[in-house]
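Novice: Just dropping this structure here.
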Amino acid sequence: MQKNLWVIGLSIIMFSGFAQAQSNKVLSIPAQNLPDALHSLSSQTGIQILFTAEQLKGFQSPAINGSMNTEQALIRLLQGTSYTWLASGQNTYVIKSAAEVATVMPEVRVTGAMNPDTPGNPSYTRTNASTATKSNLPIMKTPMSVQVIPRAVIEDQQAVQVNDAVRNVSGVFPGFTFGGMSQAFMIRGFDTGFASFRDGFRFPLALRFSLANIERVEVLKGAASNLYGRIEPGGMVNLITKRPQAERYYSLNQQFGSYGQFQTLADATGALNETGTLLYRLNFEYLNQDSFRDFGFNKRIFVAPSVTWRITPDTQLDVDFTYNNEDTREDHGIVAIGNRPAKLPRSRFLGEPADKTTQNMYNTAVTLTHAFNSDWQARARFNYLRRDTVDPQTTGFDLNEATGDMQRSFYGGTATGDVFMSTVDITGRFYTAGVEHNVLAGWEYYGQFGSVKSISVDASPINIFRPIYSNVNLASQPYNFFIDQKNEWNGVYLQDQITLFDKLHIMAGGRYDWASNDVGTAFGIDKFLSDAKAAGREINNNRFSPRAGIVYQPWEWLSFYGNYVQSLGAANSAFDANGNILKPQIGEQFEGGFKTSFFEGRLNSNVAFYYLTKQNLAFRVPGQPYSIPIGEARSQGVEVDISGQIIQGLNLILTYAYTDAEVLEGNNKGNRLWNVPKHAGSLWARYDMQYEPLRGLSIGAGIYAQDKRPGDPANTYFLPAQARVDAMVRYRPPAMHSRLSLQLNIYNLADSTLYGGTLGDRFSVNVDVPRTFVGSIRYEM
């Protein structure tokens, strides 16, 4: 009889009041078999959980330690299984597969409670984020501003590049992307320096990532070097990859669009053995796309297999590999005339058609996680990145604005880069005098090694109004410019989050870095890479960067927070025209704000006020590999982010940012920082029809607006204010149990003239898309 009761999984400990399930409790559930973990949750919270042992056979659960409500705990326990739960009466929950929920009960809308990693989760809300603290803490208890763009938003907007996703976050603006060849962001007024992160690993090489295997995008605003090493103080963009799931899932998505866009996306995941201890995931992308820009094109092949091995209930090994091959063209856009961009056709290309870029990237990541007990866990990670690039570019450097004649230079060659990164983290929980401590201690090694063999020569001039291209391949000349560079650091960090009275959370910590950088250059056709290496000069920097934060949560729906952070920036990898390495950039930030969570966590908001300074700001000279220092800059402002579900079927994202960013010292003192608008905001909404005859139909629309932006440090010209309107419509036939999806997106519906970022000069102004149509057909199993 007892065995039968366990088999049908009746964990019945009745407790009065729905609020009991919603209130936070301090839980202590070790990593173990999932059925046993659910029994423990039932005992510790007084709820009833209905499931069958056969249903969850072979699944292992992660450990839970800390304060959270029942629904957050269920999400955590079911993570990685593709199972979700349904509320069934007071204090009763039923465990169901996501496919069963979608097929059998389409009228039940519990998207906010679904496992966030479940394929097809349509919710815009995420309650937890890992980037800000390197642990999966609730955002309401995190003393930093962190925003999450889930997969649902990426799919609704049919985003192709990371830039398409982060525009849904306040205070984040496009940097100069070389026409989309790379990804660059301005966060809180400061350029991220082409560095992005994937699963917490730093990718510094101006790579453009595919979104094919990305589950969500997390944006941490403000200095983050305390956990992630040398990083610009404005913030960071961290891409969280899709993880292998135990439940079988297949998806095939075919996109067609304007300018010959043809994109195929495939996603497959499931178990490789009967016990579910060995899981896999495979993501694939093929992209072939022309451009509204003359001679523009983009071809990409992307493959990303992942394997998870649950060695024991307490030990897990993850192995990920990524291959990315991309052929495209570097595009510096148009030029400025007078105090604004030149009135040229959006298609006008001012480089050379013979310049074509090829990039190959290989990346391997290995993660080993072990739980010593329910309170302590260790994680060791290793990442290796290899990139090979051929990147010729013809760019302007002097313009006769009256005649349109522009002088040009050519720079190009081959570059190789190897990046090694290792981290070891230990997380744990303990109590002293009744006070809860959640601690993180870690060590990180980062090593970037690169070499460049290039050609730097004058190119033929061009008239911007009546261009005639030379079609001469200057890349065939002998190399005359060589760079050898090594950038390394070791860092140790410690963080402790103290919880008092279950309402006050105090975070304190810091990081000490031992960093070195060695750059050598050599000029002349009689030189070699060995000469550049011999000319290298090593610079060492040691620095402690403190971090402190506080959260006061008087009620479940409201948190007040503040933080103070110092950071050691990454810019001492920059060097001047003589090869001298510039001083490291130092950031300092004060931030305060509040967060809210309404409708049982379905609608969340974050309001932030900040003051951020950056010393030893460097500016890269356009068309050249070296930089010049321009002094100290400051950014201060207000940011508002709201996301989630307002009413049944209506999901939205609303943002606003006021960014006052200017130079405090140097030649451009008093000028605004380039590429940064003072006012910017966005609104995107999707409505799923609730009227039964229209069930399966979704419509969406959004607007992204910003006022004028300086185009260069001297503020000699401005990009005009602009607004982009997008729209979408999607139909999932109920007869197909929502497995088939037909979707159409329209970008820049009004066909407005739009501009991306600039390189900080008058000769490189990216042009954004005209009216563009993208359609897709997707089938899921």
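Residues in the structure tokens are numbered from 1 in each chain, the chains being A, B, ... in the order shown, and ligands are numbered from 1 in the order shown.
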Out of range 316-384 of chain A, which residues get strand (DSSP E) from DSSP, as a ChimeraX atom specification?
Specialist: /A:316-328,336-337,340-341,357-371,376-384
Novice: Determine which residues of range 528-744 of chain A DSSP labels as helix (DSSP H, G or I) from the backbone of this structure, then write them out as a list in words.
Specialist: Leu529, Ser530, Asp531, Ala532, Lys533, Ala534, Ala571, Asn572, Ser573, Glu692, Pro693, Leu694, Pro734, Ala735 and Met736 of chain A
Novice: Those residues with C-alpha atoms, as a PDB file, in the first residue's frame please?
Specialist:
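Done, and the output landed in result17.pdb:
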ATOM      1  CA  LEU A 529      55.630  38.917 -37.342  1.00  0.00           C
ATOM      2  CA  SER A 530      58.808  38.027 -35.497  1.00  0.00           C
ATOM      3  CA  ASP A 531      59.832  41.698 -35.648  1.00  0.00           C
ATOM      4  CA  ALA A 532      56.509  42.741 -34.136  1.00  0.00           C
ATOM      5  CA  LYS A 533      56.911  40.185 -31.369  1.00  0.00           C
ATOM      6  CA  ALA A 534      60.433  41.360 -30.627  1.00  0.00           C
ATOM      7  CA  ALA A 571      41.223  49.419 -22.669  1.00  0.00           C
ATOM      8  CA  ASN A 572      44.881  48.966 -21.830  1.00  0.00           C
ATOM      9  CA  SER A 573      44.870  46.543 -24.739  1.00  0.00           C
ATOM     10  CA  GLU A 692     -12.321  30.993 -29.735  1.00  0.00           C
ATOM     11  CA  PRO A 693     -12.816  31.292 -33.541  1.00  0.00           C
ATOM     12  CA  LEU A 694      -9.520  33.273 -33.707  1.00  0.00           C
ATOM     13  CA  PRO A 734      -5.373  24.696 -33.477  1.00  0.00           C
ATOM     14  CA  ALA A 735      -5.938  21.592 -35.596  1.00  0.00           C
ATOM     15  CA  MET A 736      -2.144  21.134 -35.639  1.00  0.00           C
TER      16      MET A 736
END
Novice: Using only C-alpha atoms for the distances, tell me which of A:Ala705, A:Ile464, A:Val307, A:Val551 is nearest to Ala271 in chain A.
Specialist: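 Going through A:Ala705, A:Ile464, A:Val307, A:Val551 one by one, the smallest distance to Ala271 in chain A is for A:Val307.
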Novice: Would you compute the distance between CA of Asn438 in chain A and CA of Met507 in chain A? Give it in Å to one decimal.
Specialist: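 Distance reported for this atom pair: 9.2 Å.
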Novice: Could you tell me how far CA of Ile647 in chain A lies from CA of Thr84 in chain A, in Å and to one decimal?
Specialist: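 Value for the CA of Ile647 in chain A-CA of Thr84 in chain A distance: 21.4 Å.
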Novice: Find the residues around Thr427 in chain A up to 12 Å (only C-alpha atoms counted), leave out those fewer than 5 positions away in its own chain, and share them as a list in words.
Specialist: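 Contacts, in chain order: Ala63, Asn65, Thr133, Lys134, Ser135, Asn136, Thr369, His370, Ala371, Phe372, Asn373, Ser374, Asp375, Trp376, Gln377, Ala378, Arg379, Ala380, His437, Asn438, Val439, Leu440, Ala441, Gly442, Tyr493, Leu494, Gln495, Asp496 and Gln497 of chain A.
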Novice: Keeping only N, CA and C atoms, write the selected residues to a file as an mmCIF file, in the first residue's frame.
Specialist:
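Contents of selection17.cif, freshly written:
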data_model
loop_
_atom_site.group_PDB
_atom_site.id
_atom_site.type_symbol
_atom_site.label_atom_id
_atom_site.label_comp_id
_atom_site.auth_asym_id
_atom_site.auth_seq_id
_atom_site.Cartn_x
_atom_site.Cartn_y
_atom_site.Cartn_z
ATOM 1 N N ALA A 63 19.949 21.013 -6.521
ATOM 2 C CA ALA A 63 19.746 21.390 -5.122
ATOM 3 C C ALA A 63 19.061 22.746 -5.039
ATOM 4 N N ASN A 65 18.586 25.809 -2.214
ATOM 5 C CA ASN A 65 18.981 26.344 -0.922
ATOM 6 C C ASN A 65 18.677 27.824 -0.913
ATOM 7 N N THR A 133 25.182 37.877 -10.625
ATOM 8 C CA THR A 133 25.787 37.309 -9.417
ATOM 9 C C THR A 133 26.470 35.968 -9.640
ATOM 10 N N LYS A 134 26.457 35.438 -10.867
ATOM 11 C CA LYS A 134 26.967 34.099 -11.172
ATOM 12 C C LYS A 134 26.226 33.010 -10.400
ATOM 13 N N SER A 135 25.023 33.311 -9.989
ATOM 14 C CA SER A 135 24.153 32.320 -9.355
ATOM 15 C C SER A 135 22.725 32.667 -9.753
ATOM 16 N N ASN A 136 21.864 31.679 -9.728
ATOM 17 C CA ASN A 136 20.516 31.865 -10.251
ATOM 18 C C ASN A 136 19.611 32.506 -9.201
ATOM 19 N N THR A 369 30.276 20.253 -12.822
ATOM 20 C CA THR A 369 29.601 20.749 -11.622
ATOM 21 C C THR A 369 29.426 19.610 -10.621
ATOM 22 N N HIS A 370 29.725 19.895 -9.365
ATOM 23 C CA HIS A 370 29.564 18.869 -8.324
ATOM 24 C C HIS A 370 28.975 19.503 -7.075
ATOM 25 N N ALA A 371 27.922 18.878 -6.543
ATOM 26 C CA ALA A 371 27.309 19.313 -5.298
ATOM 27 C C ALA A 371 27.841 18.449 -4.164
ATOM 28 N N PHE A 372 28.544 19.064 -3.214
ATOM 29 C CA PHE A 372 29.077 18.319 -2.073
ATOM 30 C C PHE A 372 27.948 17.908 -1.141
ATOM 31 N N ASN A 373 26.998 18.807 -0.980
ATOM 32 C CA ASN A 373 25.810 18.530 -0.183
ATOM 33 C C ASN A 373 24.749 19.536 -0.602
ATOM 34 N N SER A 374 23.709 19.663 0.185
ATOM 35 C CA SER A 374 22.622 20.554 -0.194
ATOM 36 C C SER A 374 23.006 22.025 -0.113
ATOM 37 N N ASP A 375 24.142 22.348 0.524
ATOM 38 C CA ASP A 375 24.522 23.740 0.717
ATOM 39 C C ASP A 375 25.726 24.179 -0.100
ATOM 40 N N TRP A 376 26.587 23.242 -0.499
ATOM 41 C CA TRP A 376 27.841 23.633 -1.132
ATOM 42 C C TRP A 376 27.996 22.960 -2.498
ATOM 43 N N GLN A 377 28.487 23.773 -3.457
ATOM 44 C CA GLN A 377 28.645 23.291 -4.828
ATOM 45 C C GLN A 377 29.901 23.911 -5.439
ATOM 46 N N ALA A 378 30.574 23.140 -6.277
ATOM 47 C CA ALA A 378 31.759 23.621 -6.998
ATOM 48 C C ALA A 378 31.523 23.472 -8.492
ATOM 49 N N ARG A 379 32.067 24.412 -9.247
ATOM 50 C CA ARG A 379 31.929 24.379 -10.701
ATOM 51 C C ARG A 379 33.250 24.790 -11.338
ATOM 52 N N ALA A 380 33.760 23.943 -12.221
ATOM 53 C CA ALA A 380 34.988 24.233 -12.972
ATOM 54 C C ALA A 380 34.641 24.321 -14.445
ATOM 55 N N HIS A 437 24.074 33.393 5.027
ATOM 56 C CA HIS A 437 25.121 33.836 4.115
ATOM 57 C C HIS A 437 25.072 32.968 2.857
ATOM 58 N N ASN A 438 25.008 33.602 1.699
ATOM 59 C CA ASN A 438 25.180 32.906 0.427
ATOM 60 C C ASN A 438 26.456 33.445 -0.198
ATOM 61 N N VAL A 439 27.473 32.593 -0.283
ATOM 62 C CA VAL A 439 28.800 33.054 -0.671
ATOM 63 C C VAL A 439 29.191 32.488 -2.033
ATOM 64 N N LEU A 440 30.039 33.254 -2.699
ATOM 65 C CA LEU A 440 30.644 32.859 -3.968
ATOM 66 C C LEU A 440 32.120 33.207 -3.894
ATOM 67 N N ALA A 441 32.968 32.236 -4.167
ATOM 68 C CA ALA A 441 34.404 32.473 -4.249
ATOM 69 C C ALA A 441 34.902 31.848 -5.537
ATOM 70 N N GLY A 442 35.826 32.525 -6.208
ATOM 71 C CA GLY A 442 36.258 31.996 -7.486
ATOM 72 C C GLY A 442 37.604 32.520 -7.945
ATOM 73 N N TYR A 493 38.039 36.375 -6.777
ATOM 74 C CA TYR A 493 36.910 37.184 -6.340
ATOM 75 C C TYR A 493 36.149 36.475 -5.228
ATOM 76 N N LEU A 494 35.493 37.294 -4.416
ATOM 77 C CA LEU A 494 34.712 36.798 -3.290
ATOM 78 C C LEU A 494 33.465 37.654 -3.156
ATOM 79 N N GLN A 495 32.346 36.998 -2.919
ATOM 80 C CA GLN A 495 31.076 37.711 -2.789
ATOM 81 C C GLN A 495 30.242 37.020 -1.715
ATOM 82 N N ASP A 496 29.608 37.826 -0.873
ATOM 83 C CA ASP A 496 28.749 37.289 0.187
ATOM 84 C C ASP A 496 27.449 38.076 0.190
ATOM 85 N N GLN A 497 26.334 37.355 0.060
ATOM 86 C CA GLN A 497 25.025 37.989 0.163
ATOM 87 C C GLN A 497 24.400 37.547 1.480
#
